[in-house]
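Novice: Okay, handing you the structure first.
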Amino acid sequence: MDTLTRLIASSDHLHLPPFDDARARRYKEWLHFCVLGPEVQLILNLSLSGDTRPVKRSDERLARVIVLTHDEAWDGDVDLILPSTVQLHPSEIDLRLGHNTVELRDTAFVVSAALQERPVALAFKLRPLAMPLLMHNSMTLPDGDMNWLVMPRLFASGTVTVDQRVHILKDAPAYHDHNWGHWLWGQDFAWQWGFALPDNLSESPWNVVFCRATNRARNRVTGLTLALWKNDCVHRVFTQREIKVSQAGYLRRKRVDKYPRVMALASPESTTDVPRLLEFVAASNGDEVSCRFSADDVAQVVIPNETDLDSTAVNQVIGRFEMEGHVGGEAVSMKGRGIFEFLVA
Amino acid sequence: MSSSWPEFSLAWFVAASLEALREECPEAYTLMCAQLAPRRARLVIEGETVTLAFAASEARLLKQSRRPSVQLTTTRQIILNVIDARLSLEEAVLADAIVLKGHLNDLSAFHAGLISYVRGAVRCPSFPPLLDRFRYETTRRAT
């Protein structure tokens, strides 16, 4: 096992609270993977959470698998997994939610998933290429905490099948993160978060991760971070007032696909306030980078609030990304793609 | 499918779902009732008819059909198409796949109550098996 794999093995494990922990109901944790293939883009999220529904069947945690694919159009779903089919090893990266699995084997994540009601399946190996960045309390939450482990640069090789379309990917750019903490959907927070990678990882050493945390009304910024990696290392991190964010226009769609689909009935709005263009400029101590994310398409994961009967929409936005600047006297330049999330009330 | 299941009917499904909503998400149940009171709503689905009467904090099925404030007529497959987002509620109504009759304010209240019902349903552990049963019966009838 090399140094990078050892570091991942020691930091990317689950953080399950004991059932008798007073905060266990508000516990949430997920492993999140994104793959940016040339013809298909993929989002996979395997999550565990406490059950905050007014009436629950048992003390067992809720397990869900989200798969979204984007090729000719969006497809995907949110599957609720039977608790009896959940297998996990808290100290290892080995998670089985029904037939959906993630494990760290040798130097790669081995992931496999297939939706219950949609003809979408995937099987991948994702090989990390860069050191992770761990951020404790990455977001200011009312009476809660959210922690974030970012692995922004991986090679993904495998197969995604969507209906009759089979996409075979080799060394496609990919992203992984891991969030855990305690909060309730519907509490006073929101985020704009995203990553970008070059189209061809072997041709550019740069990649970025951006996060802007706000209150739910989005009129107060509670955290702002832009992390820049070069090859396998974090190269520069800008925070707070070092970053200026602006946006222009709105991404228009005649219809916005929502997942799970039934939430289109509960939350039928077909408009979003996803910006067509998001720009952020980070400058400090003579270093400066300018970034531009141009949104191409959006799908929504709609989560029933745990604080009221409303819902929270997590806009999953695929787009093109450009970055120019200089850090430590070295020119920085990257063109590629990214996936940004815009969480709204 | 288990033979111990109760015989499926629209009335059974509506009653079971309202009971689940009342027990498992009372906030949504109470809101739905408040939005629909004091109206009656008639559902006509492939020859089966159910009439519901709404009071401020209670919904009940009427044994005898009485003149409703709102009547909804559609098919089981259209209901599944809307649940599965193959068709939006708006598209279904505009295409007359769902036919709604009633005064505008009653229709507006019916829409608000329906949305509260759905928002509660997505929070109730009993709804997924109820929906599975609805799907099964819809497919069985179609074949």
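The way I read the labels, and the way they are meant: chains A, B, ... in the order of the structure tokens, residue 1 as the first residue of every chain, and ligand 1 as the first ligand shown, with later ones counted on from there.
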Could you name the residues that touch stretch 18-23 of chain A at 9 Å or less, counting only C-alpha atoms, but leaving out those on the same chain fewer than 3 positions away, as a compact mmCIF listing (two decimals) with C-alpha atoms, in the first residue's frame?
Specialist:
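Contents of the output file around39.txt:
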```
# COMPACT_ATOMS: atom_id res chain seq x y z
CA ARG A 26 -29.44 14.18 13.03
CA TYR A 27 -26.48 12.12 11.83
CA GLY A 50 -30.61 9.01 11.19
CA ASP A 59 -33.84 2.75 15.24
CA GLU A 60 -32.07 1.61 12.13
CA GLY A 144 -24.65 20.99 14.20
CA HIS A 182 -25.13 16.28 12.28
CA TRP A 183 -27.78 18.55 10.86
```
Novice: Would you write out, as a Markdown table, a table of all residues in chain A that have an atom no more than 9 Å from an atom of chain B, listing for each the closest atom pair and the distance in Å to one decimal, considering only C-alpha atoms and ordering rows by chain and rising residue number?
Specialist:
```
| residue | atom | partner | partner_atom | distance |
| --- | --- | --- | --- | --- |
| A:Arg53 | CA | B:Arg123 | CA | 6.1 |
| A:Pro54 | CA | B:Cys25 | CA | 5.9 |
| A:Val55 | CA | B:Glu24 | CA | 4.9 |
| A:Lys56 | CA | B:Pro125 | CA | 6.7 |
| A:Arg57 | CA | B:Pro125 | CA | 7.2 |
| A:Asp257 | CA | B:Ala85 | CA | 8.5 |
| A:Lys258 | CA | B:Ala85 | CA | 8.4 |
| A:Pro260 | CA | B:Asp84 | CA | 8.5 |
| A:Arg261 | CA | B:Asp84 | CA | 5.3 |
| A:Val262 | CA | B:Ile83 | CA | 4.9 |
| A:Met263 | CA | B:Val122 | CA | 8.1 |
| A:Ala264 | CA | B:Ala85 | CA | 6.4 |
| A:Leu265 | CA | B:Ile83 | CA | 6.8 |
| A:Ala266 | CA | B:Arg119 | CA | 5.6 |
| A:Ser267 | CA | B:Ile115 | CA | 8.4 |
| A:Pro268 | CA | B:Ser88 | CA | 8.0 |
| A:Pro304 | CA | B:Arg123 | CA | 7.4 |
| A:Asp308 | CA | B:Glu27 | CA | 8.9 |
| A:Leu309 | CA | B:Arg119 | CA | 6.3 |
| A:Asp310 | CA | B:Arg119 | CA | 7.5 |
| A:Ser311 | CA | B:Arg119 | CA | 8.7 |
```
Novice: Considering only C-alpha atoms, return as a PDB file with C-alpha atoms, in the first residue's frame whatever protein or nucleic-acid residues lie within 9 Å of stretch 59-69 of chain B, sequence-local ones (same chain, fewer than 6 positions apart) excluded.
Specialist:
```
ATOM      1  CA  ALA B  11     -61.747   2.902  -1.581  1.00  0.00           C
ATOM      2  CA  VAL B  14     -57.612   5.871  -0.352  1.00  0.00           C
ATOM      3  CA  ALA B  15     -58.631   4.865   3.175  1.00  0.00           C
ATOM      4  CA  LEU B  18     -55.227   8.581   4.595  1.00  0.00           C
ATOM      5  CA  TYR B  29     -52.776  15.311   7.363  1.00  0.00           C
ATOM      6  CA  MET B  32     -54.549  18.877   4.068  1.00  0.00           C
ATOM      7  CA  CYS B  33     -57.828  18.700   5.999  1.00  0.00           C
ATOM      8  CA  ALA B  37     -62.579  21.691   4.680  1.00  0.00           C
ATOM      9  CA  ARG B  39     -65.507  20.437   0.909  1.00  0.00           C
ATOM     10  CA  ARG B  40     -66.299  17.059  -0.600  1.00  0.00           C
ATOM     11  CA  ALA B  41     -64.079  15.573  -3.308  1.00  0.00           C
ATOM     12  CA  ARG B  42     -65.092  12.753  -5.626  1.00  0.00           C
ATOM     13  CA  THR B  49     -65.855   6.131  -7.347  1.00  0.00           C
ATOM     14  CA  VAL B  50     -64.855   7.379  -3.917  1.00  0.00           C
ATOM     15  CA  THR B  51     -66.259  10.473  -2.251  1.00  0.00           C
ATOM     16  CA  LEU B  52     -64.331  12.119   0.563  1.00  0.00           C
ATOM     17  CA  ALA B  53     -65.627  14.669   3.044  1.00  0.00           C
ATOM     18  CA  LYS B 101     -64.579  19.829 -12.289  1.00  0.00           C
ATOM     19  CA  GLY B 102     -65.435  22.447  -9.702  1.00  0.00           C
ATOM     20  CA  HIS B 103     -65.431  26.133  -8.937  1.00  0.00           C
ATOM     21  CA  ASP B 106     -62.569  24.733  -4.774  1.00  0.00           C
ATOM     22  CA  LEU B 107     -60.097  23.549  -7.407  1.00  0.00           C
TER      23      LEU B 107
END
```
Novice: Write out as JSON, numbers by chain all residues of chain B that backbone DSSP assigns to strand (DSSP E or B).
Specialist: {"B": [40, 41, 42, 43, 44, 45, 48, 49, 50, 51, 52, 53, 54, 55, 58, 59, 60, 61, 62, 70, 71, 72, 73, 74, 99, 100, 101, 102]}
Novice: Mind the document's chain letters and residue numbers, and return as a count of residues only the residues of stretch 31-132 of chain B that DSSP labels alpha helix (DSSP H).
Specialist: 44
Novice: Just want the 7 Å neighbourhood of stretch 122-125 of chain A, counted on only C-alpha atoms, with same-chain residues fewer than 5 positions away dropped. Output as a VMD selection string.
Specialist: chain A and resid 108 to 114 156 to 161
Novice: Could you write those residues out with N, CA and C atoms, as a compact mmCIF listing (two decimals), in the first residue's frame?
Specialist:
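The file below, out35.txt, is the result:
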```
# COMPACT_ATOMS: atom_id res chain seq x y z
N ALA A 108 -7.20 1.58 -5.27
CA ALA A 108 -8.34 2.20 -5.95
C ALA A 108 -9.65 1.93 -5.22
N PHE A 109 -10.59 2.85 -5.39
CA PHE A 109 -11.96 2.60 -4.97
C PHE A 109 -12.61 1.70 -6.03
N VAL A 110 -13.26 0.67 -5.57
CA VAL A 110 -14.01 -0.19 -6.49
C VAL A 110 -15.49 0.04 -6.17
N VAL A 111 -16.21 0.58 -7.12
CA VAL A 111 -17.62 0.92 -6.88
C VAL A 111 -18.51 0.19 -7.89
N SER A 112 -19.67 -0.15 -7.42
CA SER A 112 -20.64 -0.83 -8.27
C SER A 112 -22.03 -0.45 -7.79
N ALA A 113 -22.91 -0.12 -8.72
CA ALA A 113 -24.27 0.28 -8.34
C ALA A 113 -25.23 0.00 -9.49
N ALA A 114 -26.45 -0.28 -9.14
CA ALA A 114 -27.51 -0.46 -10.14
C ALA A 114 -28.83 -0.01 -9.50
N ALA A 156 -10.88 7.42 -13.45
CA ALA A 156 -11.99 6.47 -13.37
C ALA A 156 -12.01 5.61 -14.63
N SER A 157 -12.04 4.31 -14.42
CA SER A 157 -12.14 3.38 -15.55
C SER A 157 -13.25 2.38 -15.26
N GLY A 158 -14.13 2.20 -16.22
CA GLY A 158 -15.21 1.25 -16.00
C GLY A 158 -16.33 1.47 -17.00
N THR A 159 -17.51 1.04 -16.61
CA THR A 159 -18.65 1.04 -17.52
C THR A 159 -19.88 1.65 -16.87
N VAL A 160 -20.56 2.48 -17.62
CA VAL A 160 -21.88 2.99 -17.22
C VAL A 160 -22.87 2.55 -18.29
N THR A 161 -23.94 1.93 -17.85
CA THR A 161 -24.99 1.55 -18.79
C THR A 161 -26.26 2.33 -18.46
```
Novice: Please provide the set of residues having any atom within 9 Å of stretch 129-141 of chain B, restricted to only C-alpha atoms, with same-chain residues fewer than 3 positions apart removed, written as a list in words.
Specialist: Met1, Phe8, Phe13, Ala16, Ser17, Arg76, Gln77, Leu80, Pro125 and Ser126 of chain B
Novice: Tell me, in Å to one decimal, how far atom CA of A:Ile303 is from atom CA of A:Ile243.
Specialist: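 Value for the atom CA of A:Ile303-atom CA of A:Ile243 distance: 29.7 Å.
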Novice: Please compute the atom CA of A:Ala217-atom CA of A:Val314 distance, one decimal, in Å.
Specialist: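 Those two atoms sit 14.7 Å apart.
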Novice: Please measure the separation of atom CA of A:Trp185 and atom CA of A:Glu306, giving the value in Å to one decimal.
Specialist: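 Taking atom CA of A:Trp185 and atom CA of A:Glu306, their separation equals 5.2 Å.
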Novice: Find the residues near stretch 295-300 of chain A: any atom within 7 Å, counting only C-alpha atoms, skip ones fewer than 3 places away on the same chain, and give them as a list in words.
Specialist: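 Counting only the stated atoms, we get Leu251, Val256, Asp257, Lys258, Tyr259, Arg276, Leu277, Ala313, Val314, Asn315, Gln316, Val317, Ile318, Gly319 and Arg320 of chain A.
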Novice: Could you check which of A:Glu92, A:Asp106, A:Asp51, A:Asp77 is closest to A:Val120, using only C-alpha atoms?
Specialist: A:Asp77
